[in-house]
$ cat entry-v6.txt   # compact mmCIF, C-alpha atoms
# COMPACT_ATOMS: atom_id res chain seq x y z
CA MET A 1 73.59 27.64 -33.30
CA LYS A 2 72.90 29.91 -36.19
CA ASP A 3 71.11 33.12 -35.44
CA ARG A 4 67.99 32.69 -37.56
CA ALA A 5 64.34 32.57 -36.68
CA VAL A 6 62.56 29.28 -36.11
CA SER A 7 58.93 28.64 -37.04
CA GLU A 8 56.14 27.07 -34.96
CA ALA A 9 56.24 24.04 -37.26
CA VAL A 10 59.93 23.39 -36.52
CA VAL A 11 59.21 23.58 -32.79
CA ARG A 12 56.40 21.04 -33.17
CA ARG A 13 58.61 18.68 -35.16
CA LEU A 14 61.42 18.91 -32.57
CA LEU A 15 58.89 17.99 -29.87
CA LYS A 16 57.90 14.90 -31.84
CA TYR A 17 61.54 13.87 -32.28
CA TYR A 18 62.08 14.42 -28.56
CA ARG A 19 59.16 12.20 -27.59
CA VAL A 20 60.31 9.34 -29.84
CA LEU A 21 63.90 9.65 -28.58
CA ASN A 22 62.68 9.41 -24.98
CA ILE A 23 60.71 6.24 -25.73
CA LEU A 24 63.70 4.64 -27.50
CA ASP A 25 66.14 5.70 -24.78
CA ASN A 26 63.88 4.13 -22.13
CA LYS A 27 63.96 0.92 -24.18
CA GLY A 28 67.76 1.00 -24.14
CA VAL A 29 68.18 1.79 -27.85
CA ASP A 30 71.53 3.50 -28.48
CA ARG A 31 71.28 5.19 -31.88
CA ILE A 32 68.91 5.94 -34.73
CA SER A 33 69.21 7.06 -38.37
CA SER A 34 67.26 10.01 -39.75
CA GLY A 35 65.33 7.51 -41.89
CA GLN A 36 64.25 5.47 -38.85
CA LEU A 37 63.32 8.62 -36.94
CA GLY A 38 61.31 9.67 -40.01
CA LYS A 39 59.33 6.43 -40.03
CA ARG A 40 58.41 6.91 -36.39
CA THR A 41 57.38 10.57 -36.69
CA GLY A 42 55.91 10.77 -40.20
CA PHE A 43 58.52 13.25 -41.51
CA THR A 44 61.09 12.67 -44.25
CA ALA A 45 64.72 11.87 -43.41
CA SER A 46 65.85 15.02 -45.21
CA GLN A 47 63.40 17.15 -43.21
CA ILE A 48 64.81 15.72 -40.00
CA ARG A 49 68.43 16.29 -41.06
CA GLN A 50 67.56 19.85 -42.06
CA ASP A 51 65.91 20.58 -38.70
CA LEU A 52 68.75 19.09 -36.67
CA ASN A 53 71.54 20.57 -38.81
CA TYR A 54 70.01 23.93 -38.09
CA PHE A 55 70.68 23.45 -34.38
CA GLY A 56 74.21 22.21 -34.95
CA GLY A 57 73.97 18.74 -36.46
CA PHE A 58 74.56 16.08 -33.77
CA GLY A 59 74.59 13.21 -36.33
CA GLN A 60 77.39 11.34 -38.10
CA GLN A 61 77.23 10.03 -41.64
CA GLY A 62 76.78 6.25 -41.65
CA TYR A 63 76.22 6.14 -37.89
CA GLY A 64 73.09 8.23 -37.38
CA TYR A 65 72.28 9.98 -34.14
CA HIS A 66 73.36 8.94 -30.66
CA ILE A 67 69.98 8.92 -28.91
CA LYS A 68 71.02 10.09 -25.44
CA THR A 69 73.12 12.93 -26.88
CA LEU A 70 70.40 14.11 -29.28
CA LYS A 71 67.76 13.88 -26.53
CA ASN A 72 69.91 16.01 -24.23
CA GLU A 73 70.59 18.53 -26.98
CA ILE A 74 66.89 18.97 -27.75
CA SER A 75 66.18 19.16 -24.02
CA SER A 76 68.71 21.97 -23.75
CA ILE A 77 67.31 23.78 -26.84
CA PHE A 78 63.88 23.76 -25.15
CA GLY A 79 65.24 24.83 -21.77
CA LEU A 80 64.04 21.59 -20.18
CA ASP A 81 67.27 21.25 -18.20
CA ARG A 82 65.80 23.50 -15.50
CA LYS A 83 62.64 23.76 -13.34
CA TYR A 84 59.78 26.19 -13.92
CA SER A 85 57.47 27.73 -11.35
CA MET A 86 53.86 28.25 -12.44
CA VAL A 87 50.69 29.79 -11.01
CA VAL A 88 47.14 29.04 -12.15
CA ILE A 89 44.60 31.87 -12.25
CA GLY A 90 41.07 30.51 -11.78
CA ALA A 91 40.10 27.68 -9.43
CA GLY A 92 37.16 26.49 -11.56
CA ASN A 93 36.88 23.25 -13.53
CA ILE A 94 39.97 23.74 -15.67
CA GLY A 95 42.07 25.11 -12.80
CA GLN A 96 41.16 22.08 -10.71
CA ALA A 97 41.98 19.70 -13.56
CA LEU A 98 45.39 21.33 -14.02
CA ALA A 99 46.10 21.18 -10.27
CA GLY A 100 45.44 17.44 -10.41
CA TYR A 101 47.45 16.77 -13.57
CA PRO A 102 50.49 14.77 -12.42
CA ASN A 103 52.56 15.16 -15.59
CA PHE A 104 53.40 18.82 -15.07
CA SER A 105 55.55 18.42 -11.97
CA ILE A 106 57.07 15.17 -13.28
CA ARG A 107 58.39 17.20 -16.23
CA GLY A 108 59.72 20.04 -14.08
CA PHE A 109 56.76 22.42 -14.34
CA ASN A 110 55.51 22.97 -10.79
CA ILE A 111 52.28 24.74 -9.87
CA SER A 112 53.18 26.78 -6.78
CA ALA A 113 49.80 28.45 -6.20
CA ILE A 114 46.28 28.92 -7.57
CA PHE A 115 44.64 32.35 -7.48
CA ASP A 116 40.96 33.23 -7.52
CA ASN A 117 38.74 36.13 -6.48
CA ASN A 118 35.99 33.99 -4.93
CA PRO A 119 36.13 34.15 -1.09
CA ALA A 120 34.32 30.78 -0.91
CA ILE A 121 37.34 28.97 -2.35
CA ILE A 122 40.27 31.16 -1.23
CA GLY A 123 42.21 29.39 1.55
CA LYS A 124 41.21 25.91 0.40
CA HIS A 125 43.59 23.40 -1.14
CA LEU A 126 43.27 21.75 -4.55
CA ASN A 127 45.50 18.68 -4.73
CA ASN A 128 47.64 20.18 -1.93
CA ILE A 129 48.00 23.53 -3.71
CA LEU A 130 46.70 26.54 -1.75
CA VAL A 131 44.11 28.78 -3.42
CA ARG A 132 45.16 32.38 -2.73
CA ASP A 133 43.48 35.75 -3.17
CA ILE A 134 44.22 37.25 -6.58
CA SER A 135 45.25 40.46 -4.80
CA GLU A 136 48.33 38.59 -3.50
CA LEU A 137 49.52 37.65 -7.00
CA LYS A 138 52.12 40.38 -7.47
CA ASP A 139 53.89 39.83 -4.16
CA PHE A 140 53.74 36.05 -4.52
CA ALA A 141 55.14 36.10 -8.07
CA LYS A 142 58.11 38.25 -7.06
CA GLU A 143 58.92 36.27 -3.90
CA ASN A 144 58.63 32.91 -5.67
CA CYS A 145 60.20 33.80 -9.06
CA VAL A 146 57.15 32.61 -10.98
CA ASP A 147 57.94 31.91 -14.65
CA ILE A 148 54.57 30.97 -16.13
CA GLY A 149 50.99 32.06 -15.47
CA ILE A 150 48.19 29.78 -16.60
CA ILE A 151 44.88 31.49 -17.39
CA ALA A 152 41.90 29.27 -16.53
CA THR A 153 39.27 31.95 -15.97
CA PRO A 154 35.95 32.40 -17.81
CA ALA A 155 35.76 34.08 -21.22
CA GLY A 156 35.66 37.86 -20.97
CA THR A 157 38.35 38.04 -18.29
CA THR A 158 41.34 36.94 -20.37
CA GLU A 159 42.90 40.31 -21.17
CA MET A 160 42.41 41.62 -17.63
CA VAL A 161 44.05 38.53 -16.13
CA ALA A 162 46.89 38.67 -18.67
CA ALA A 163 47.53 42.30 -17.71
CA GLN A 164 47.68 41.29 -14.02
CA LEU A 165 50.21 38.55 -14.83
CA LYS A 166 52.35 40.98 -16.81
CA GLU A 167 52.11 43.58 -14.02
CA ALA A 168 53.32 40.88 -11.60
CA GLY A 169 56.46 40.47 -13.71
CA ILE A 170 55.56 37.04 -15.12
CA LYS A 171 57.16 36.54 -18.52
CA SER A 172 54.95 33.93 -20.14
CA ILE A 173 51.35 32.74 -20.26
CA LEU A 174 49.58 29.49 -21.07
CA ASN A 175 46.04 30.57 -21.98
CA PHE A 176 43.17 28.07 -21.65
CA SER A 177 40.40 30.63 -22.13
CA PRO A 178 38.47 30.45 -25.41
CA TYR A 179 39.82 33.89 -26.33
CA ASP A 180 43.05 34.07 -28.38
CA LEU A 181 45.44 36.32 -26.48
CA PHE A 182 48.09 38.50 -28.13
CA MET A 183 50.02 40.84 -25.85
CA GLU A 184 53.19 42.81 -26.44
CA GLY A 185 56.12 42.00 -24.18
CA ILE A 186 54.89 38.66 -22.89
CA ILE A 187 55.17 35.16 -24.39
CA VAL A 188 51.79 33.51 -24.94
CA GLU A 189 50.74 30.00 -25.86
CA ASN A 190 46.99 29.70 -26.56
CA ILE A 191 45.29 26.35 -26.07
CA ASN A 192 42.00 26.54 -27.89
CA LEU A 193 39.87 23.49 -27.16
CA ILE A 194 37.17 24.50 -29.65
CA ASP A 195 39.75 24.72 -32.45
CA SER A 196 40.67 21.08 -31.81
CA LEU A 197 37.04 20.07 -32.29
CA TYR A 198 36.74 22.24 -35.40
CA THR A 199 39.85 20.54 -36.79
CA LEU A 200 38.26 17.14 -36.15
CA GLY A 201 35.14 18.39 -37.93
CA PHE A 202 37.29 19.45 -40.89
CA LYS A 203 39.02 16.08 -41.07
CA MET A 204 35.72 14.19 -40.78
CA LYS A 205 34.21 16.21 -43.60
CA ASN A 206 37.25 16.38 -45.88
CA GLY A 207 38.68 12.91 -45.27
CA ASN A 208 41.32 12.07 -47.85
CA ARG A 209 41.87 15.67 -48.85
CA PHE A 210 43.59 16.23 -45.52
CA LYS A 211 47.32 15.77 -45.74
CA LYS A 212 48.94 14.13 -42.73
CA SER A 213 52.31 15.36 -41.48
CA ALA A 214 52.18 18.11 -44.05
CA GLU A 215 54.25 20.59 -42.09
CA SER A 216 56.60 20.69 -44.99
CA GLU A 217 57.99 24.17 -44.76
CA GLY A 218 61.63 24.40 -43.81
CA ILE A 219 63.33 26.80 -41.50
CA ASN A 220 62.55 30.32 -42.52
CA ASP A 221 65.03 33.17 -42.52
CA MET B 1 36.70 22.83 -54.52
CA LYS B 2 39.82 21.39 -56.05
CA ASP B 3 40.73 17.88 -55.09
CA ARG B 4 44.09 18.46 -53.46
CA ALA B 5 45.37 17.75 -49.98
CA VAL B 6 45.33 20.42 -47.30
CA SER B 7 47.98 20.74 -44.59
CA GLU B 8 47.55 21.20 -40.82
CA ALA B 9 48.89 24.74 -41.19
CA VAL B 10 46.17 25.70 -43.68
CA VAL B 11 43.53 24.35 -41.30
CA ARG B 12 44.98 26.43 -38.46
CA ARG B 13 45.01 29.58 -40.60
CA LEU B 14 41.39 29.05 -41.71
CA LEU B 15 40.41 28.76 -38.03
CA LYS B 16 42.07 32.11 -37.33
CA TYR B 17 40.29 33.76 -40.25
CA TYR B 18 37.02 32.26 -39.02
CA ARG B 19 37.49 33.64 -35.50
CA VAL B 20 38.24 37.16 -36.76
CA LEU B 21 35.28 37.05 -39.19
CA ASN B 22 32.96 36.07 -36.33
CA ILE B 23 34.15 38.98 -34.21
CA LEU B 24 33.71 41.46 -37.09
CA ASP B 25 30.30 40.04 -38.05
CA ASN B 26 29.12 40.43 -34.44
CA LYS B 27 30.24 44.06 -34.61
CA GLY B 28 28.12 44.58 -37.75
CA VAL B 29 31.09 44.93 -40.14
CA ASP B 30 30.06 44.01 -43.69
CA ARG B 31 33.25 43.33 -45.65
CA ILE B 32 37.02 43.06 -45.31
CA SER B 33 40.01 43.08 -47.68
CA SER B 34 42.68 40.39 -47.58
CA GLY B 35 45.10 43.09 -46.35
CA GLN B 36 42.87 43.98 -43.38
CA LEU B 37 42.31 40.33 -42.56
CA GLY B 38 46.10 39.90 -42.73
CA LYS B 39 46.69 42.68 -40.19
CA ARG B 40 44.26 41.04 -37.77
CA THR B 41 45.66 37.52 -38.10
CA GLY B 42 49.37 38.10 -38.66
CA PHE B 43 49.44 36.52 -42.13
CA THR B 44 50.19 38.22 -45.45
CA ALA B 45 47.39 39.28 -47.81
CA SER B 46 48.74 36.98 -50.50
CA GLN B 47 48.79 34.03 -48.10
CA ILE B 48 45.13 34.68 -47.28
CA ARG B 49 44.12 35.00 -50.94
CA GLN B 50 46.00 31.79 -51.72
CA ASP B 51 44.25 29.89 -48.90
CA LEU B 52 40.78 31.15 -49.82
CA ASN B 53 41.26 30.77 -53.59
CA TYR B 54 42.05 27.17 -52.90
CA PHE B 55 38.55 26.68 -51.50
CA GLY B 56 36.89 28.54 -54.35
CA GLY B 57 37.69 32.23 -53.95
CA PHE B 58 34.74 34.05 -52.32
CA GLY B 59 36.37 37.49 -52.81
CA GLN B 60 36.00 40.18 -55.49
CA GLN B 61 38.79 42.41 -56.75
CA GLY B 62 38.45 45.91 -55.31
CA TYR B 63 35.66 44.86 -52.96
CA GLY B 64 37.27 42.30 -50.71
CA TYR B 65 35.32 39.59 -48.93
CA HIS B 66 31.71 39.76 -47.79
CA ILE B 67 32.12 38.77 -44.16
CA LYS B 68 28.88 36.82 -43.63
CA THR B 69 29.38 34.86 -46.86
CA LEU B 70 33.02 34.02 -46.14
CA LYS B 71 32.17 33.06 -42.55
CA ASN B 72 29.43 30.70 -43.77
CA GLU B 73 31.72 29.21 -46.41
CA ILE B 74 34.45 28.46 -43.86
CA SER B 75 31.81 27.12 -41.47
CA SER B 76 30.65 24.77 -44.22
CA ILE B 77 34.23 23.73 -45.10
CA PHE B 78 34.72 22.73 -41.44
CA GLY B 79 31.36 20.98 -41.21
CA LEU B 80 30.20 23.42 -38.51
CA ASP B 81 26.76 23.67 -40.10
CA ARG B 82 25.69 20.55 -38.19
CA LYS B 83 25.68 19.21 -34.61
CA TYR B 84 28.11 16.63 -33.22
CA SER B 85 27.49 14.07 -30.49
CA MET B 86 30.44 13.33 -28.20
CA VAL B 87 31.24 10.97 -25.34
CA VAL B 88 34.00 11.45 -22.76
CA ILE B 89 35.92 8.40 -21.53
CA GLY B 90 37.24 8.99 -18.01
CA ALA B 91 35.40 10.85 -15.24
CA GLY B 92 38.57 12.13 -13.55
CA ASN B 93 39.83 15.71 -13.35
CA ILE B 94 40.00 16.34 -17.08
CA GLY B 95 36.69 14.56 -17.80
CA GLN B 96 35.00 16.69 -15.14
CA ALA B 97 36.51 19.89 -16.55
CA LEU B 98 35.28 19.00 -20.04
CA ALA B 99 31.79 18.20 -18.74
CA GLY B 100 31.68 21.66 -17.19
CA TYR B 101 33.07 23.51 -20.22
CA PRO B 102 30.14 25.56 -21.58
CA ASN B 103 31.69 26.41 -24.95
CA PHE B 104 31.38 22.93 -26.43
CA SER B 105 27.59 22.77 -26.57
CA ILE B 106 27.34 26.45 -27.54
CA ARG B 107 29.35 25.57 -30.66
CA GLY B 108 27.30 22.47 -31.49
CA PHE B 109 29.52 19.84 -29.85
CA ASN B 110 27.36 18.12 -27.25
CA ILE B 111 28.65 15.67 -24.65
CA SER B 112 25.93 13.02 -24.44
CA ALA B 113 27.57 10.74 -21.86
CA ILE B 114 30.68 10.12 -19.77
CA PHE B 115 32.05 6.60 -19.36
CA ASP B 116 34.22 5.20 -16.60
CA ASN B 117 35.06 1.82 -15.08
CA ASN B 118 34.95 2.97 -11.45
CA PRO B 119 31.74 1.73 -9.69
CA ALA B 120 32.04 4.59 -7.17
CA ILE B 121 31.30 7.18 -9.85
CA ILE B 122 29.12 5.25 -12.35
CA GLY B 123 25.51 6.45 -12.08
CA LYS B 124 26.45 9.91 -10.82
CA HIS B 125 26.01 13.10 -12.82
CA LEU B 126 28.74 15.58 -13.76
CA ASN B 127 27.18 18.88 -14.81
CA ASN B 128 23.93 17.01 -15.61
CA ILE B 129 25.74 14.41 -17.75
CA LEU B 130 25.30 10.79 -16.57
CA VAL B 131 28.43 8.74 -15.89
CA ARG B 132 27.86 5.31 -17.45
CA ASP B 133 29.67 1.98 -17.24
CA ILE B 134 32.31 1.64 -19.97
CA SER B 135 30.78 -1.74 -20.85
CA GLU B 136 27.73 0.15 -22.22
CA LEU B 137 29.83 2.21 -24.64
CA LYS B 138 29.23 0.16 -27.78
CA ASP B 139 25.44 0.02 -27.46
CA PHE B 140 25.22 3.68 -26.45
CA ALA B 141 27.39 4.87 -29.36
CA LYS B 142 25.28 3.00 -31.91
CA GLU B 143 21.93 4.11 -30.47
CA ASN B 144 23.00 7.75 -30.14
CA CYS B 145 25.08 8.13 -33.34
CA VAL B 146 28.14 9.30 -31.43
CA ASP B 147 30.62 11.14 -33.69
CA ILE B 148 33.52 11.93 -31.38
CA GLY B 149 35.10 10.14 -28.43
CA ILE B 150 37.20 12.18 -26.02
CA ILE B 151 39.94 10.26 -24.19
CA ALA B 152 40.50 11.66 -20.68
CA THR B 153 41.90 8.55 -19.00
CA PRO B 154 45.29 8.14 -17.29
CA ALA B 155 48.47 7.49 -19.31
CA GLY B 156 48.92 3.82 -20.16
CA THR B 157 45.27 3.29 -21.11
CA THR B 158 45.17 5.42 -24.29
CA GLU B 159 45.51 2.69 -26.92
CA MET B 160 43.07 0.37 -25.14
CA VAL B 161 40.44 3.12 -24.88
CA ALA B 162 41.01 4.15 -28.51
CA ALA B 163 40.45 0.54 -29.59
CA GLN B 164 37.17 0.49 -27.61
CA LEU B 165 36.02 3.71 -29.32
CA LYS B 166 36.87 2.30 -32.74
CA GLU B 167 35.12 -0.98 -31.90
CA ALA B 168 32.04 1.06 -30.95
CA GLY B 169 31.99 2.55 -34.46
CA ILE B 170 33.10 6.04 -33.42
CA LYS B 171 34.95 7.76 -36.28
CA SER B 172 37.08 10.34 -34.51
CA ILE B 173 38.95 10.92 -31.27
CA LEU B 174 40.08 13.94 -29.29
CA ASN B 175 42.92 12.63 -27.13
CA PHE B 176 43.83 14.45 -23.89
CA SER B 177 46.13 11.73 -22.57
CA PRO B 178 49.85 12.53 -22.55
CA TYR B 179 50.42 9.75 -25.10
CA ASP B 180 50.35 10.66 -28.81
CA LEU B 181 47.85 8.39 -30.49
CA PHE B 182 48.10 7.20 -34.10
CA MET B 183 45.56 4.65 -35.22
CA GLU B 184 44.60 3.43 -38.69
CA GLY B 185 41.01 4.02 -39.74
CA ILE B 186 40.12 6.63 -37.14
CA ILE B 187 40.65 10.40 -37.12
CA VAL B 188 42.69 11.60 -34.14
CA GLU B 189 43.47 15.02 -32.73
CA ASN B 190 46.04 14.91 -29.92
CA ILE B 191 46.02 17.68 -27.31
CA ASN B 192 49.36 17.49 -25.55
CA LEU B 193 49.43 19.82 -22.56
CA ILE B 194 53.11 19.16 -21.86
CA ASP B 195 54.04 20.16 -25.42
CA SER B 196 52.46 23.56 -24.83
CA LEU B 197 54.67 24.09 -21.79
CA TYR B 198 57.73 22.86 -23.68
CA THR B 199 56.91 25.35 -26.44
CA LEU B 200 56.71 28.13 -23.87
CA GLY B 201 60.08 26.97 -22.52
CA PHE B 202 61.50 27.13 -26.05
CA LYS B 203 60.19 30.65 -26.61
CA MET B 204 61.46 31.83 -23.22
CA LYS B 205 64.92 30.47 -23.94
CA ASN B 206 65.16 31.44 -27.61
CA GLY B 207 63.32 34.76 -27.50
CA ASN B 208 63.90 36.73 -30.69
CA ARG B 209 64.97 33.68 -32.64
CA PHE B 210 61.38 32.50 -32.60
CA LYS B 211 59.45 33.56 -35.65
CA LYS B 212 55.84 34.53 -35.03
CA SER B 213 53.13 33.52 -37.51
CA ALA B 214 55.73 31.62 -39.44
CA GLU B 215 53.37 29.06 -40.88
CA SER B 216 54.51 30.16 -44.27
CA GLU B 217 54.11 27.02 -46.29
CA GLY B 218 51.37 27.12 -48.87
CA ILE B 219 48.90 24.47 -49.84
CA ASN B 220 50.73 21.32 -50.72
CA ASP B 221 49.86 19.09 -53.61
$ encode --input "entry-v6.txt" --output "structure tokens"
Amino acid sequence: MKDRAVSEAVVRRLLKYYRVLNILDNKGVDRISSGQLGKRTGFTASQIRQDLNYFGGFGQQGYGYHIKTLKNEISSIFGLDRKYSMVVIGAGNIGQALAGYPNFSIRGFNISAIFDNNPAIIGKHLNNILVRDISELKDFAKENCVDIGIIATPAGTTEMVAAQLKEAGIKSILNFSPYDLFMEGIIVENINLIDSLYTLGFKMKNGNRFKKSAESEGIND
Amino acid sequence: MKDRAVSEAVVRRLLKYYRVLNILDNKGVDRISSGQLGKRTGFTASQIRQDLNYFGGFGQQGYGYHIKTLKNEISSIFGLDRKYSMVVIGAGNIGQALAGYPNFSIRGFNISAIFDNNPAIIGKHLNNILVRDISELKDFAKENCVDIGIIATPAGTTEMVAAQLKEAGIKSILNFSPYDLFMEGIIVENINLIDSLYTLGFKMKNGNRFKKSAESEGIND
């Protein structure tokens, strides 16, 4: 692997390749060319070869890519060959939805606890996950080697909760609050539900002017 | 406005500019230079000028951008100067969380009904929104001019539900199911929660190799 930086767009494309490879592997397909992978993901064959060459190739001229091998390589690039322990902060609507979302644990991302500051809900279980007092976060995170903290608290609390997660030694955050979080020394992924609706609004208004699969930048030094 | 296509990355950057402009406007700030806007969003001044020139400029040399004007222009580009009517399909965990999410209606995206096929929940209210029988979708959508359908049903039902939304004359879909939807003749925005965790995994594993704000492609012809 070359030691260069990778952009958000490359990460998103790799995730699309990974999803298609999983589907094909489950169907028993053995190999795929960059052209075929392009048709299924909306990217050009040369874009795909460029992305995969960057991580060490994996393909052979005239043969294409061996699906199981490529799938495992991408899985390893993303660190999906291990389990992650997560906590959710906030036992409201979004926290409850996340606790009941079966796909997380299937993919190796386990919610080990939910934290809240409301005595009325502390001690209860959401989908078999105990709601604990937020004051226990630090001890719990250290004892249980928590990797990821999910923020599902109301707007206005985001930075305070993020600081508590960082203080507890948690290295990364998935942020569902409507406030975009940027914090030094911790990895953050913001999920902004309103932005998704705004993007729909843009596409509805601008129709044909919107370019599909236009993540055409390469890998940036 | 020039008649060229706009990429996903440009849309995402405009949304970031818009958010910062709203914050500054609320603080009573009157104008901002592209350099200052760059510092607050992580993009270069020239990237920002390029994006905004594409939509007709709005700035003046030596003065910068008038915040209220630029905010209103972006709002108009995104079609945020109107209201949208939405329906949610699926009254499970995610549907319930969406029904209770206050930010949607504040921003002009109103959920007018929830649909499900489970008799045990049809007729009940979630956060004052009536759960209706999915068989009523088509009539309801036509009578209420529904713009957006939100898919919050279990995996395996996505394409069927999308076809029902299209059949009901709904023009765009926000898809929360773990299945990436692509459908001719309807605008789709996929929200893949697992991809966000995979991206966190990638950043945790690859650390410094990940390039922040690396959406460096321009506007593509």
$ residues_around --input "entry-v6.txt" --residues "Glu73 in chain A" --least-positions-apart "5" --cutoff "10 Å" --atoms "all atoms listed in the file" --output "ChimeraX atom specification"
/A:18,52,55-56,58,67-68,78-81
$ closest_residue --input "entry-v6.txt" --among "B:Glu167, B:Glu143, B:Asp195, B:Glu184" --to "chain A" --atoms "only C-alpha atoms"
B:Asp195
$ closest_residue --input "entry-v6.txt" --among "A:Ile32, A:Ile134, A:Val20, A:Ala97" --to "chain B" --atoms "only C-alpha atoms"
A:Ala97
$ closest_residue --input "entry-v6.txt" --among "B:Gln47, B:Leu15, B:Met160, B:Asn144" --to "chain A" --atoms "all atoms listed in the file"
B:Leu15
$ atom_distance --input "entry-v6.txt" --atom1 "CA of Gly100 in chain A" --atom2 "CA of Gly92 in chain B"
9.2 Å
$ residues_around --input "entry-v6.txt" --residues "Gly38 in chain A" --least-positions-apart "4" --cutoff "12 Å" --atoms "only C-alpha atoms" --output "PyMOL selection string"
chain A and resi 13-14+16-17+20-21+32-34+42-49+51+213
$ residues_around --input "entry-v6.txt" --residues "Val131 in chain B" --least-positions-apart "3" --cutoff "6 Å" --atoms "all atoms listed in the file" --output "PyMOL selection string"
chain B and resi 114-115+122-125
$ closest_residue --input "entry-v6.txt" --among "B:Ile186, B:Ile121, B:Leu137, B:Ile151" --to "chain A" --atoms "all atoms listed in the file"
B:Ile186
$ atom_distance --input "entry-v6.txt" --atom1 "CA of Tyr65 in chain B" --atom2 "CA of Thr199 in chain A"
23.0 Å
$ closest_residue --input "entry-v6.txt" --among "B:Arg40, B:Lys71, B:His66, B:Lys166" --to "chain A" --atoms "all atoms listed in the file"
B:Arg40
$ atom_distance --input "entry-v6.txt" --atom1 "CA of Ser196 in chain B" --atom2 "CA of Leu24 in chain B"
28.7 Å
$ closest_residue --input "entry-v6.txt" --among "A:Tyr54, A:Phe104, A:Phe182, A:Phe176" --to "chain B" --atoms "only C-alpha atoms"
A:Phe104
$ residues_around --input "entry-v6.txt" --residues "Leu98 in chain A" --least-positions-apart "2" --cutoff "9 Å" --atoms "only C-alpha atoms" --output "ChimeraX atom specification"
/A:88,93-96,100-102,104,111 /B:93-94
$ write_last_selection --input "entry-v6.txt" --atoms "C-alpha atoms" --output "compact mmCIF listing (two decimals), keeping the file's coordinate frame"
# COMPACT_ATOMS: atom_id res chain seq x y z
CA VAL A 88 47.14 29.04 -12.15
CA ASN A 93 36.88 23.25 -13.53
CA ILE A 94 39.97 23.74 -15.67
CA GLY A 95 42.07 25.11 -12.80
CA GLN A 96 41.16 22.08 -10.71
CA GLY A 100 45.44 17.44 -10.41
CA TYR A 101 47.45 16.77 -13.57
CA PRO A 102 50.49 14.77 -12.42
CA PHE A 104 53.40 18.82 -15.07
CA ILE A 111 52.28 24.74 -9.87
CA ASN B 93 39.83 15.71 -13.35
CA ILE B 94 40.00 16.34 -17.08
$ residues_near_point --input "entry-v6.txt" --point "(35.6, 34.3, -28.8)" --cutoff "12 Å" --atoms "all atoms listed in the file" --output "list in words"
Pro154, Ala155, Gly156, Thr157, Thr158, Ser177, Pro178, Tyr179, Asp180, Leu181, Asn192, Leu193, Ile194 and Asp195 of chain A; Leu15, Lys16, Tyr18, Arg19, Val20, Leu21, Asn22, Ile23, Leu24, Asn26, Asn103, Ile106 and Arg107 of chain B
$ residues_around --input "entry-v6.txt" --residues "Ile170 in chain A" --least-positions-apart "4" --cutoff "9 Å" --atoms "all atoms listed in the file" --output "MDAnalysis selection string"
chainID A and resid 141:142 145:149 165:166 186
$ axis_aligned_box --input "entry-v6.txt" --around "range 122-136 of chain B" --padding-each-side "8 Å" --output "AutoDock Vina command-line options"
--center_x 28.1 --center_y 8.6 --center_z -16.5 --size_x 24.4 --size_y 36.6 --size_z 27.4
